[in-house]
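Asks: I'd like to ask you about the structure that follows.
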Amino acid sequence: MPTAIRYSLVIPVYNEEESLNKLYERVSKVIDQLDGPAEVILVDDGSRDRSFPMMRAIHERDPRFHALSLSRNFGHQMALTAGLDYARGEAIVTMDADLQDPPEVIFDLVKKWQEGNELVYAVRRSRDVDTIFKKYSAIAFYHILRKLASIEAPVNSADFRLVDRKVLLSFRKLREKNRYIRGLFSWLGYRQAEVYYDREARFAGETKYPFLKMLNLAFDAIVSFSSIPLKLCVSVGLAVAFISFLYGTWIIIAKTLSLETYISGWATLAVLMCFLGGLHMFLIGVLGEYLSRVYDEVRGRPLYLVSQILSDRALSNERTT
Ligand code: UDP
Ligand code: MG
């Protein structure tokens, strides 16, 4: 009878061949010192470099490290989801593979967990290593998110956290396709706590979150947690109708009083038409964002597909949806 796993670490990996060995070194040192058996689930998110063969070597050297390989690149959030679906531990930690989240912080997370918290966020104390653009875009994003979506996740928390098994089981019930995992965890509730740390620079390689992907994640976050943009369409429509009513009234008064000023020529018309045309398209676009997400849901495709599992035993809690 194998001893029950106490800690699971879930680490998504996408083209991280330069970081993996160092990651192994630091993570294995940390899990050696934890107070119970641990497993590490490396999720290969369709890497094109040598990441997966390296994960195989790590698994052969140290069977506490398991590897899942997804059938293609499904994106960070899906890779995390896959790993979380396979995790067996009592407490589950998610972190990045590039060593920006120092594995040693896990001790602090565990301490807070043992104090009775069920969801412990690791929150960046500083963002000195990020580019100015990333720093300010992140600040703006969290600000908008709080306003629009009332997500209570602490500002500056990335996907580095510890969750209790209870929270994990609840999380597994949320199978939405466009996922913003930070928001989902915060939506779950439970007893939450924070731990502060300094985010390090990427150990090697470059960010896998270029501007467009970041924008997309931001959209997912806002659209899947808030219907305020939809309601704004109504307000904008009403406002435009009200303004044109005022303008119409003014024209009637001017005509009645025979003021010549009401004929302002074709330029006004052209500008108004362009403005209203643009506004319509924008508002239809907002509708489209919601509609396309509804479409994603009704198609009911699985969230990710696993092509290979490197593990000494079949992992429990296996799901493919
Ligand atoms: N990642 C992934 N799939 C992707 C992009 C990224 O699994 O499509 C992983 C990546 O290997 C890393 C983590 O997600 O472990 C965070 O990515 P990154 O460090 O590039 O993001 P940043 O820290 O720059 O926000
Ligand atoms: Mg990173």
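In the structure tokens, each chain is lettered A, B, ... as it comes, each chain's residues begin at 1, and ligands are numbered from 1 in order of appearance.
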Mind the document's chain letters and residue numbers, and return as a list in words the residues of region 108-195 of chain A that DSSP labels strand (DSSP E or B).
Replies: Leu119, Val120, Tyr121, Ala122, Val123, Arg124, Ser157, Ala158, Asp159, Phe160, Arg161, Leu162, Val163, Asp164, Gln192, Ala193, Glu194 and Val195 of chain A
Asks: Can you tell me, as a PyMOL selection string, what residues are no more than 9 Å from Gln100 (chain A) when counting only C-alpha atoms, ignoring any on the same chain fewer than 4 positions away?
Replies: chain A and resi 95-96+198-203
Asks: Hey, what does DSSP flag as helix (DSSP H, G or I) within region 38-274 of chain A? Can you give it to me as a VMD selection string?
Replies: chain A and resid 51 to 61 76 to 86 103 to 114 132 to 149 165 to 171 181 to 188 211 to 225 228 to 256 260 to 262 266 to 274
Asks: So that I have them on file, write out the residues from the current selection with C-alpha atoms, as a short mmCIF file (atom, residue, chain, number, x, y, z; two decimals), in the first residue's frame.
Replies:
```cif
data_model
loop_
_atom_site.label_atom_id
_atom_site.label_comp_id
_atom_site.auth_asym_id
_atom_site.auth_seq_id
_atom_site.Cartn_x
_atom_site.Cartn_y
_atom_site.Cartn_z
CA SER A 51 11.32 19.79 -22.82
CA PHE A 52 9.45 16.47 -22.97
CA PRO A 53 12.50 14.18 -23.40
CA MET A 54 14.04 16.08 -20.49
CA MET A 55 10.92 15.50 -18.43
CA ARG A 56 11.21 11.79 -19.25
CA ALA A 57 14.80 11.79 -18.01
CA ILE A 58 13.76 13.57 -14.82
CA HIS A 59 10.94 11.06 -14.27
CA GLU A 60 13.35 8.15 -14.71
CA ARG A 61 15.81 9.66 -12.29
CA HIS A 76 -1.11 27.98 -19.88
CA GLN A 77 -4.58 27.91 -18.31
CA MET A 78 -5.47 24.55 -19.86
CA ALA A 79 -2.11 23.03 -18.98
CA LEU A 80 -2.72 24.08 -15.38
CA THR A 81 -6.20 22.59 -15.52
CA ALA A 82 -4.82 19.29 -16.81
CA GLY A 83 -2.30 19.11 -13.99
CA LEU A 84 -4.93 19.99 -11.40
CA ASP A 85 -7.16 17.21 -12.72
CA TYR A 86 -4.40 14.70 -12.10
CA PRO A 103 10.06 27.04 -5.02
CA GLU A 104 11.30 27.91 -1.54
CA VAL A 105 8.18 30.04 -1.02
CA ILE A 106 6.25 26.76 -0.85
CA PHE A 107 7.33 26.44 2.79
CA ASP A 108 5.48 29.69 3.57
CA LEU A 109 2.43 28.53 1.64
CA VAL A 110 2.39 25.25 3.53
CA LYS A 111 2.70 27.04 6.85
CA LYS A 112 -0.38 29.13 6.11
CA TRP A 113 -2.21 26.00 4.99
CA GLN A 114 -1.37 24.26 8.23
CA ILE A 132 7.62 48.86 -17.39
CA PHE A 133 4.94 47.98 -19.90
CA LYS A 134 4.10 44.69 -18.21
CA LYS A 135 4.02 46.35 -14.82
CA TYR A 136 1.62 49.12 -15.77
CA SER A 137 -0.57 47.02 -18.03
CA ALA A 138 -0.96 44.59 -15.13
CA ILE A 139 -1.90 47.37 -12.71
CA ALA A 140 -4.50 48.72 -15.15
CA PHE A 141 -5.83 45.24 -15.76
CA TYR A 142 -6.34 44.37 -12.09
CA HIS A 143 -7.96 47.73 -11.55
CA ILE A 144 -10.48 47.23 -14.37
CA LEU A 145 -11.11 43.68 -13.25
CA ARG A 146 -11.95 44.73 -9.73
CA LYS A 147 -14.30 47.41 -10.98
CA LEU A 148 -16.07 45.33 -13.59
CA ALA A 149 -15.99 41.82 -12.32
CA ARG A 165 -7.94 19.28 -1.60
CA LYS A 166 -11.45 20.48 -0.72
CA VAL A 167 -10.95 23.57 -2.89
CA LEU A 168 -9.49 21.47 -5.68
CA LEU A 169 -12.53 19.21 -5.77
CA SER A 170 -14.76 22.25 -6.09
CA PHE A 171 -12.51 23.70 -8.77
CA ILE A 181 -8.10 30.37 -13.29
CA ARG A 182 -7.22 33.14 -10.85
CA GLY A 183 -10.80 34.37 -11.07
CA LEU A 184 -12.25 30.89 -10.74
CA PHE A 185 -10.38 30.24 -7.52
CA SER A 186 -11.40 33.55 -6.08
CA TRP A 187 -15.01 32.82 -7.08
CA LEU A 188 -14.88 29.59 -5.07
CA PHE A 211 0.96 41.16 -25.71
CA LEU A 212 -1.87 39.53 -27.67
CA LYS A 213 -2.10 36.53 -25.37
CA MET A 214 -2.17 38.86 -22.38
CA LEU A 215 -4.97 40.86 -23.96
CA ASN A 216 -6.88 37.68 -24.62
CA LEU A 217 -6.55 36.53 -21.02
CA ALA A 218 -7.74 39.95 -19.90
CA PHE A 219 -10.77 39.64 -22.17
CA ASP A 220 -11.54 36.17 -20.85
CA ALA A 221 -11.30 37.46 -17.33
CA ILE A 222 -13.66 40.35 -17.88
CA VAL A 223 -16.19 38.64 -20.12
CA SER A 224 -16.43 35.47 -18.08
CA PHE A 225 -16.88 37.28 -14.79
CA ILE A 228 -21.33 44.89 -17.35
CA PRO A 229 -20.00 45.41 -20.93
CA LEU A 230 -23.35 44.07 -22.22
CA LYS A 231 -25.26 46.40 -19.98
CA LEU A 232 -23.06 49.29 -21.09
CA CYS A 233 -24.37 48.72 -24.64
CA VAL A 234 -27.85 49.60 -23.40
CA SER A 235 -26.62 52.73 -21.63
CA VAL A 236 -24.62 53.92 -24.63
CA GLY A 237 -27.64 53.34 -26.89
CA LEU A 238 -29.87 55.31 -24.54
CA ALA A 239 -27.35 58.13 -24.25
CA VAL A 240 -27.00 58.45 -28.04
CA ALA A 241 -30.79 58.42 -28.47
CA PHE A 242 -31.16 61.11 -25.82
CA ILE A 243 -28.56 63.35 -27.40
CA SER A 244 -30.19 63.04 -30.83
CA PHE A 245 -33.54 63.88 -29.25
CA LEU A 246 -32.05 67.09 -27.82
CA TYR A 247 -30.50 67.92 -31.18
CA GLY A 248 -33.81 67.26 -32.96
CA THR A 249 -35.63 69.54 -30.55
CA TRP A 250 -33.09 72.26 -31.15
CA ILE A 251 -33.59 71.97 -34.93
CA ILE A 252 -37.36 72.30 -34.59
CA ILE A 253 -36.99 75.38 -32.38
CA ALA A 254 -34.46 76.93 -34.73
CA LYS A 255 -36.69 76.28 -37.74
CA THR A 256 -39.74 77.72 -36.01
CA GLU A 260 -30.51 80.08 -40.13
CA THR A 261 -28.02 78.25 -37.93
CA TYR A 262 -29.70 74.87 -38.01
CA TRP A 266 -22.86 67.70 -44.96
CA ALA A 267 -19.76 67.57 -42.77
CA THR A 268 -21.91 67.15 -39.69
CA LEU A 269 -23.79 64.34 -41.39
CA ALA A 270 -20.64 62.56 -42.48
CA VAL A 271 -19.10 62.75 -39.02
CA LEU A 272 -22.29 61.59 -37.35
CA MET A 273 -22.66 58.66 -39.73
CA CYS A 274 -19.09 57.51 -39.20
#
```
Asks: Using only C-alpha atoms and all ligand atoms, determine which residues fall within 6 Å of ligand 1, then list them as a ChimeraX atom specification.
Replies: /A:12-14,16,45,73,75-76,79,96-98,207-209
Asks: Looking at only C-alpha atoms and all ligand atoms, which of A:Gly205, A:Gly265, A:Pro302, A:Gly277 is the one that sits closest to ligand 2?
Replies: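 Smallest separation from ligand 2 among the options: A:Gly205.
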Asks: For a test of reading the model, state the distance in Å between CA of Ser8 (chain A) and CA of Pro37 (chain A), rounded to one decimal.
Replies: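 Computing it gives 8.9 Å between the two atoms.
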